[in-house]
Structures are given as C-alpha cells and as structure tokens.
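Working notes for the structure below.
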Amino acid sequence: MTSEPRTTSDDQLRSIVADVLAELGSQRGSAPSAGMPPAPLPASSALSAAIAATPASTTVSSGPTPHIELGDPTLNRRAPGIPNPANPAGLTNLIASTGARIGVGRAGPRPLTRSLLLFQADHAVTQDAIFGDVPQALLERFGMFAVQTQVTTHDEFLLRPDLGRRLTDEAKATIGSRCTKNPNVQIVVGDGLSAAAVTNNLDKIYPVLVDGFRSAGLSLGDPFFIRYCRVGIINDLNTVIGADVVVLLIGERPGLGVADALSVYSGWQPGPGKTDADRDVVCMITENGGTNPMEAGAFVVEHIRKVIAAKASGVALRTQGGDS
Amino acid sequence: MTDSLLTATLFGHRYEFRDIKDLLAKANEEKSGDRLAGIAAQSAAERMAAKHVLAEVTLATLRANPAVPYEQDEVTRVIDDAVNEAAYGQIKGWAVGDLREWILADTTTNEMIRHAAGGMTAEMIAAVTKLMSNLDLMLAAKKIRNVTHCNNTMGLPGTLGSRLQPNHQTDSVEGIRAAIYDGLSFGSGDAVIGINPSDDSIGSVSRLLEMTHEVITRWEIPTQNCVLAHVSTQMEAMRRGAPLGLVFQSLSGSQKGCESFGIDVGMLDEAYALAQRYAVSTGPNYMYFETGQGAELSSDAHFGSDQLVMEARCYGLAKRYHPFQVNTVVGFIGPEYLYDSTQITRAGLEDHFMGKLTGISMGCDVCYTNHARSTQNENENLAVLLAAAGVNFIMGIPMGDDSMLSYQTTSFHDAPTLRQLLDLRPLPEFETWMEDLGLLRNGRLTAAAGDASFFLGR
C-alpha cells in the first residue's frame, strides 16, 4: 500500500474517458429485445475514477454519436404496455373502448418510460399553446386589425378574468373608427386560452363562415382580433358595434394533448348584463379529435340563421323550441 | 358591540385592520383569488402584521364574527347550532396562537383534539390554519384520525385510499368499465368507484350505477359506487331503485353559494334521509362531498371573506351529514384563484388539515389545470406531502389525465407508489380482497397487477 495518491496525466485521463464513453455508446446504441429489461451498464471503476479526477473545465472528446431517428410517438398511443396480459385480445378491446390512457403498464408501481414521456409531451404542447401568440401574418391575411382588452400581460390575463371581458378606451375608439355599425353579423376572433386554436383553425373555419353568411343574405361587419380575450367581451364590444349577432371565435382552455380546440360563441344582441345563458356555443373545434373546423363553420351559419329568425339565442331560443 | 381596534406595529410601521373579516383575509397565505376579490394583504409585511394580531384574537371573538351573519345564512346556522357548548366553554377564552401550540403539543392527543373541535366553528378552524406553516399543517393533520365506514373502513392509521375515477367523454358504459378494470388492477377504488357523468340525466346516471354495482357484486369488491351527478338526480335515481352506494354533492360555504349549485340544507337533509333508506351500502356513512377554495368567489357568494374561511365553512356543513368521505378538488378551479404550484400545494395542505380538524374523513383531488403554473412533478410532490400527513384518500385516473374534465390529477400508478414509499396500505377490507385475488402480496403489486384484462376472467 502506498500513502501517495496515484497521479494520472491529463493525456492518460482523456484516453481512459474516451475509451469508456465509446464502450458505453456502443452498448446503449443496441436496443434491448422487446420485453427484456436493458442490460445493466458495466460497472467501470476507470470511468468513476476518471470522472472524479477530471476537472469540470476539461473537454472530453466523445465517441461516435449514435444514430437515432424516431417515428412520432404521439401517433402510436394505443399499444398495450403489459408484457403478459391475462387476455391479450381482451386487453386490446378494453383499450379501444376509451380515450383514457389505460393498459399502459408499469415499471414497479411507476409508468413505463414511453407513457411518462408521452404524457409530458402532451403537457408540453399544451403549455406552448397557452403561452403562445397568434401570428400577425394570419390576421393580415383575413384583413383583421388587432385590439387589446384591459389586460396588459399574460400573467394578468390568467389572474384577472374580469379585465379580459373589457376593452380599453383606445380599443373602443379603434373599433369605432374602423368598423361598420349595426351589421347583421359581427365576426370577432380572440386568443382566449389557446393561441394555437386560432392559428390552426382560423383559415379553415373563417371562409366557411363568411361565404355562408353572405349566401344567407346577411350583412357582415368588419372582422377584428382581440388579444387577451375572454368570452364576456362580446357584451362590451357590441356597445360599439350594435350588431344583431356577434360571433366570437376563441381558443379554449387546452386539454392534455388537445391544445388547439376552438370554440364559437354567439349571441343575439349582446350587451351589458347578458350572461352565458343568453349565448350559444360550439366547442371542441379541432382536427385533432374534435369537430372539423369546416363542418363547424357550416353548423354555425345554420344556427345563426335560426337565431336571426327567432330574434333570440341561448336559453330563450331553446324555450322557443328553435334550437337544432 | 363597541368599535373594535385591531392594530399591530411591525418593524416600526403601524398596520390597522377594519374588522375580523378584514383581519382574517389579510392573514391568509397569498392566494390569487383573494387578490381578485380585492381583500388580500397589500404587502407581505401587512400579511405578517395581520397574523400577529390574529394570534391574539380569542375563539369567542371568532364565533361572534361569522363570515355571514347567523340570521342571513343557513350555513352559518348549521355550523353554529352544531357547536358543543361544553367543549366551547373550555376553549372560548383561548387565543388563536395558543390553539396552534395546543394542537401541536405532544401531550395533546387525537381524542383531545376531536373533543375540543366539537366546540369550534369554521372561522376558528380557518384562523388557526392561517397561523400554521406547511409542516405544522401536516403534523397536526396526521394526529387526527376520522374513521368512517360504508362497505369498508376509511381513515385508519397506515392506510391510503384511492377513488377510482373512470370518466369517459360520452359516458360510454364499455369505456368506463374498461377504466374501472384498469384501476382495480392497480389497487385503486377502495375509497369509491366514482364517475363524473357527462350526461346528468336520470337514465344515464342510473345506467352507470347499475353497471358499477354489477362489477362490485360480481367481483365481491369491498367498496361502494357513486355517480357524481347533481344530488337531485341521484335522489330520483334512488327512488326509482337504482343501486347506489354513496350520495354525492358539491358544497359551498354560504347559503348563496349553495343556491348557485342548486341546493339548500333542506335538500341535503332529504338526500341524507333517502340514502339511509335506499342506499345499497352498509353505512352508517353514506355521503360524499367535494369542495374547493375559490368556489364562493366565482359565484359572488363570499361576502367579502377570504377563500380559506369559506372553504372551512364547507366542511362545517359537510359534518352535518357524517360523510364517508370529503375531498377538496384543490387545483381544479384555475390560476385566478390558486395561481401556481406553491399556492395549490398550500391550499391542499390547508384543506386537508381543516377537514380533519372539523372531524370529517378528508381526502384530496391533488390536481391542476393546464393554464395553472404547475406540472405533474409538482402534483406528485403534493401527493407525497398529503400521504405523509395521513390523507384518507386521493384520486386514481389513467395516467392522471381526465380527458372528460380536462385537468390532471393523480394516476392509478400513484396510490401504489405512495403506499410503497411511505409503508401505507389500501383500506383493510380491500387489501384482503386484493390479496385473495393475487393482485397484492405484502403491500406490493404482484406480477398479475396493472393488467385490466385480469377482470375479463369472471
């Protein structure tokens, strides 16, 4: 036994580290066979010694980069995660009977890696949708100008729903100067809780709405976009516009992995004091497991024709028996 | 009553509070909902000044200052009329700060707390909660055991129950049954098999009660079923003979708030009486309630009180019906009431403690919505804290993703994980059932567990 710590030159260290990393890289690159746990990594005293002795600033030349080209895991959600099910065909049928994430299996009591990562991916895309913005170019394509509610920041939008239901004086002045008053139908677009809902669906639903309303002989107001928008804005904006019907396209609160669902809210002569009971809604408009935006547009046009004929919407329309 | 004086000087600055309601609100831990209501402390120092004053307020003063006056509000009357005057007589002179230390003292037992709690109103329970740290709330809650029985026994030390929540977007009987099989195979469902229906009609609710009862009967599962429709729908389903184990309703902390849910005390009394007559479960506890901070403000029924006080009043109302279980759906309401995981975590620990101190069997739907600043990691953290604090039950949902209600909660995987982590077991009758089926051995899932198709075998 020696009392002196063994010393290793920098060059020797680099060489050891490079060798071990290369060895690890080749082992990890080979996929474990299905149903078998991956082989444990080799216990390498050389590696741990090297890591312990290597200064943090030392750069280490790496081994060959493995080639990984993944198919989209979000397109293969329903594969059972249970290695030896009691009833394999039965399990497949059970999984097919619901959209819930059943039959995913486990590692000990925890989810499998692929289930965990898929769940986190769904949450990630949802977060991006909520905290994103509608691109200006999209609005320009449909000739929409943009105004803002009394909300000034994204945090405030989440914290103060009341401010998202009121326009600033400046916004009202802009709308007042740029919009035709008292049309039959005023279309408005709002980001709501999902900018992605507007970004992904507007170009499909909006032309259907415009063509449909025109074919029905209804006069259309000038469309515009409202940032930091809540549904209740319908009442406030119509104090300026005076439309018979306001149609608001607004992003829904995203569900997990369904981040781009749009809702269409509409109401007969909205104004102060009107509530959800006075409005109608078509929700879950998305090409990802909801109502197709073009079909939804056609449905909305038909519905608005009934609203205008009945001069009523919401509960009042249903009481008249005019609801489809 | 003379004008009260509620002031404190802190770091040389003098703070003044208008009345008890103002003091309670400003002493509350930070919640976005209190800010939205315009009643929160204006600064962190003002909050601390309020806590210092609140620590000196007596329990008698809090009884005399309910969130809504006795004459105006039947929830206040339910709570105040239920006060055990003998217990109250022993504690009425205590200051809130003394109550905190008494609850935490090692010489104070579960029995002593449960006796004293008979003399408490919701405002006292909320007040002491405001003076407690998160770890205080956990230790205090862990002491209190509220044990109930329906078809099995809830709340014993060393157990953690799980509500199996097999929701489906369109109430498909087959889809819900599949999720039930999945959950049972993980050991979820000992608290209740409870479905939030998408269709609130009597026909649909009865159909789901029939199916769940059939599964429970065929597999002889020591648990109870519930369909969380409006209570009036469940009452009618019972009258028509639907097999129901637990009667559910969401509660609010004021009469006005209850009215916005379409209920009043008379209706709940009638539902409780009907459950005792018609429920297919053994009892004696037949009721299941859900609550959550912020609900009163969202229906403008908070009367200027903070969301913690209003939540405590829900538990006071629940206690009237000796519920088998109550849970706060803590993060469901959204960021305008509980902004981020810090606030959701705090609220979950507060609600659990307040429910336990009120004397009810308390669980928690540990959850968040997609627009709250939280993630599943933070959600798992709160689940661990609550399990360590002795929470009676949590939720079980496939991968924690409730596609019907669009929020995330705890997974089927989480109750078995927490049981393994903290040496907890399912409810005892349910554990025996799992052992007999070969799904659990010495508290661990067996190789057969976690496979929904296991339940296709009978």
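The chains in the structure tokens are called A, B, ... from first to last as shown; in each chain the residues are counted from 1, and the ligands are counted from 1 in the order shown.
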Report as number ranges by chain: the residues of stretch 93-284 of chain A with a DSSP assignment of strand (DSSP E or B), based on the backbone of this structure. A: 107, 110, 145-149, 167, 185-190, 220, 224-227, 245-251, 255, 258, 262-268, 279-284
Practice item. Show me which bits of chain A are within 9 Å of chain B, counting only C-alpha atoms, as a PyMOL selection string. Key: chain A and resi 82+84-106+108-111+115-116+119-120+123+126-127+130-131+157-162+193+253-256
Let me see the file: selected residues, N, CA and C atoms, as a CSV table (one decimal), in the first residue's frame.
chain,number,residue,atom,x,y,z
A,82,ILE,N,-48.4,-4.0,-21.4
A,82,ILE,CA,-48.3,-5.1,-20.4
A,82,ILE,C,-47.7,-6.3,-21.1
A,84,ASN,N,-47.3,-9.6,-20.3
A,84,ASN,CA,-48.0,-10.9,-20.4
A,84,ASN,C,-49.5,-10.7,-19.9
A,85,PRO,N,-50.3,-10.1,-20.7
A,85,PRO,CA,-51.7,-9.9,-20.2
A,85,PRO,C,-52.5,-11.2,-20.0
A,86,ALA,N,-53.4,-11.2,-19.1
A,86,ALA,CA,-54.2,-12.4,-18.9
A,86,ALA,C,-55.0,-12.7,-20.1
A,87,ASN,N,-55.4,-11.7,-20.9
A,87,ASN,CA,-56.2,-11.9,-22.0
A,87,ASN,C,-55.8,-10.8,-23.1
A,88,PRO,N,-54.8,-11.2,-23.9
A,88,PRO,CA,-54.3,-10.2,-24.9
A,88,PRO,C,-55.3,-9.5,-25.8
A,89,ALA,N,-56.2,-10.3,-26.4
A,89,ALA,CA,-57.2,-9.7,-27.3
A,89,ALA,C,-58.2,-8.9,-26.5
A,90,GLY,N,-58.5,-9.4,-25.3
A,90,GLY,CA,-59.5,-8.7,-24.5
A,90,GLY,C,-58.9,-7.3,-24.0
A,91,LEU,N,-57.6,-7.3,-23.8
A,91,LEU,CA,-56.9,-6.1,-23.4
A,91,LEU,C,-57.0,-5.0,-24.5
A,92,THR,N,-56.7,-5.5,-25.7
A,92,THR,CA,-56.7,-4.6,-26.8
A,92,THR,C,-58.1,-4.0,-27.0
A,93,ASN,N,-59.2,-4.8,-26.8
A,93,ASN,CA,-60.5,-4.3,-26.9
A,93,ASN,C,-60.8,-3.3,-25.8
A,94,LEU,N,-60.4,-3.6,-24.6
A,94,LEU,CA,-60.6,-2.6,-23.5
A,94,LEU,C,-60.0,-1.3,-23.8
A,95,ILE,N,-58.7,-1.3,-24.3
A,95,ILE,CA,-58.0,-0.1,-24.6
A,95,ILE,C,-58.8,0.7,-25.7
A,96,ALA,N,-59.3,-0.1,-26.7
A,96,ALA,CA,-60.0,0.6,-27.8
A,96,ALA,C,-61.3,1.2,-27.4
A,97,SER,N,-61.8,0.8,-26.2
A,97,SER,CA,-63.2,1.3,-25.8
A,97,SER,C,-63.2,2.7,-25.2
A,98,THR,N,-62.0,3.2,-24.9
A,98,THR,CA,-62.0,4.5,-24.2
A,98,THR,C,-60.8,5.4,-24.7
A,99,GLY,N,-60.9,6.7,-24.6
A,99,GLY,CA,-59.8,7.5,-24.9
A,99,GLY,C,-58.9,7.7,-23.7
A,100,ALA,N,-59.3,7.1,-22.5
A,100,ALA,CA,-58.5,7.2,-21.3
A,100,ALA,C,-57.2,6.4,-21.5
A,101,ARG,N,-56.1,6.7,-20.8
A,101,ARG,CA,-54.8,6.1,-21.0
A,101,ARG,C,-54.7,4.8,-20.2
A,102,ILE,N,-55.5,3.8,-20.6
A,102,ILE,CA,-55.5,2.6,-19.8
A,102,ILE,C,-54.6,1.6,-20.5
A,103,GLY,N,-54.2,0.5,-19.8
A,103,GLY,CA,-53.4,-0.6,-20.4
A,103,GLY,C,-52.0,-0.1,-20.7
A,104,VAL,N,-51.5,0.9,-19.9
A,104,VAL,CA,-50.2,1.4,-20.2
A,104,VAL,C,-49.0,0.7,-19.5
A,105,GLY,N,-49.4,-0.2,-18.6
A,105,GLY,CA,-48.4,-1.0,-17.9
A,105,GLY,C,-47.6,-0.2,-16.8
A,106,ARG,N,-46.5,-0.8,-16.4
A,106,ARG,CA,-45.9,-0.2,-15.2
A,106,ARG,C,-44.4,-0.7,-15.1
A,108,GLY,N,-42.3,-1.3,-11.9
A,108,GLY,CA,-42.6,-1.3,-10.4
A,108,GLY,C,-44.0,-0.7,-10.4
A,109,PRO,N,-44.3,0.3,-9.5
A,109,PRO,CA,-45.6,0.9,-9.5
A,109,PRO,C,-45.6,2.1,-10.4
A,110,ARG,N,-44.5,2.5,-11.1
A,110,ARG,CA,-44.5,3.7,-11.9
A,110,ARG,C,-44.8,3.4,-13.3
A,111,PRO,N,-45.2,4.4,-14.1
A,111,PRO,CA,-45.4,4.3,-15.5
A,111,PRO,C,-44.2,3.9,-16.3
A,115,SER,N,-44.8,5.9,-21.6
A,115,SER,CA,-46.0,6.5,-21.2
A,115,SER,C,-45.7,7.9,-20.5
A,116,LEU,N,-44.7,7.8,-19.7
A,116,LEU,CA,-44.3,9.1,-19.0
A,116,LEU,C,-43.9,10.2,-19.9
A,119,PHE,N,-47.0,11.5,-21.9
A,119,PHE,CA,-47.8,12.4,-21.0
A,119,PHE,C,-47.1,13.8,-20.9
A,120,GLN,N,-45.8,13.8,-20.7
A,120,GLN,CA,-45.1,15.0,-20.6
A,120,GLN,C,-45.0,15.8,-21.9
A,123,HIS,N,-48.4,17.5,-22.2
A,123,HIS,CA,-48.4,18.7,-21.4
A,123,HIS,C,-47.6,19.9,-22.0
A,126,THR,N,-49.3,21.6,-24.8
A,126,THR,CA,-50.4,22.4,-24.2
A,126,THR,C,-49.9,23.7,-23.6
A,127,GLN,N,-48.7,23.6,-22.9
A,127,GLN,CA,-48.1,24.8,-22.4
A,127,GLN,C,-47.8,25.8,-23.5
A,130,ILE,N,-50.9,27.6,-24.7
A,130,ILE,CA,-51.4,28.6,-23.8
A,130,ILE,C,-50.6,29.9,-23.8
A,131,PHE,N,-49.3,29.6,-23.8
A,131,PHE,CA,-48.4,30.8,-23.6
A,131,PHE,C,-47.8,31.3,-24.9
A,157,PHE,N,-53.6,38.2,-17.6
A,157,PHE,CA,-54.7,37.6,-18.3
A,157,PHE,C,-55.2,36.4,-17.5
A,158,LEU,N,-54.3,35.6,-17.0
A,158,LEU,CA,-54.7,34.4,-16.2
A,158,LEU,C,-55.3,34.8,-14.8
A,159,LEU,N,-54.8,35.9,-14.3
A,159,LEU,CA,-55.2,36.2,-12.9
A,159,LEU,C,-56.5,37.1,-12.8
A,160,ARG,N,-56.8,37.9,-13.9
A,160,ARG,CA,-57.9,38.8,-13.8
A,160,ARG,C,-58.9,38.6,-15.0
A,161,PRO,N,-59.7,37.6,-14.9
A,161,PRO,CA,-60.6,37.3,-16.0
A,161,PRO,C,-61.6,38.5,-16.2
A,162,ASP,N,-61.8,39.3,-15.2
A,162,ASP,CA,-62.7,40.4,-15.3
A,162,ASP,C,-62.1,41.5,-16.3
A,193,LEU,N,-57.6,31.1,-24.3
A,193,LEU,CA,-56.6,30.4,-23.6
A,193,LEU,C,-55.8,29.5,-24.5
A,253,ARG,N,-59.6,26.6,-23.2
A,253,ARG,CA,-58.6,26.1,-22.3
A,253,ARG,C,-58.2,24.7,-22.7
A,254,PRO,N,-56.9,24.5,-23.0
A,254,PRO,CA,-56.4,23.3,-23.6
A,254,PRO,C,-56.6,22.1,-22.7
A,255,GLY,N,-57.0,21.0,-23.2
A,255,GLY,CA,-56.9,19.7,-22.6
A,255,GLY,C,-55.5,19.1,-22.8
A,256,LEU,N,-55.2,18.0,-22.1
A,256,LEU,CA,-53.9,17.5,-22.3
A,256,LEU,C,-53.7,16.9,-23.7
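Between atom CA of B:Asn381 and atom CA of B:Asn134 the separation is 12.9 Å.
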Within 9 Å of B:Ile202, counting only C-alpha atoms, which residues qualify if same-chain residues fewer than 6 places away don't, as a VMD selection string? chain B and resid 229 233 to 234 236 to 237
Among B:Thr345, B:Gln165, B:Ser250, B:Thr153, B:Met138 is approached most closely, using only C-alpha atoms, by B:Thr345
message = As an exercise, work out the distance from atom CA of B:Ala50 to atom CA of B:Asp98 in Å and give it to one decimal place.
response =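 Between atom CA of B:Ala50 and atom CA of B:Asp98 the gap is 16.1 Å.
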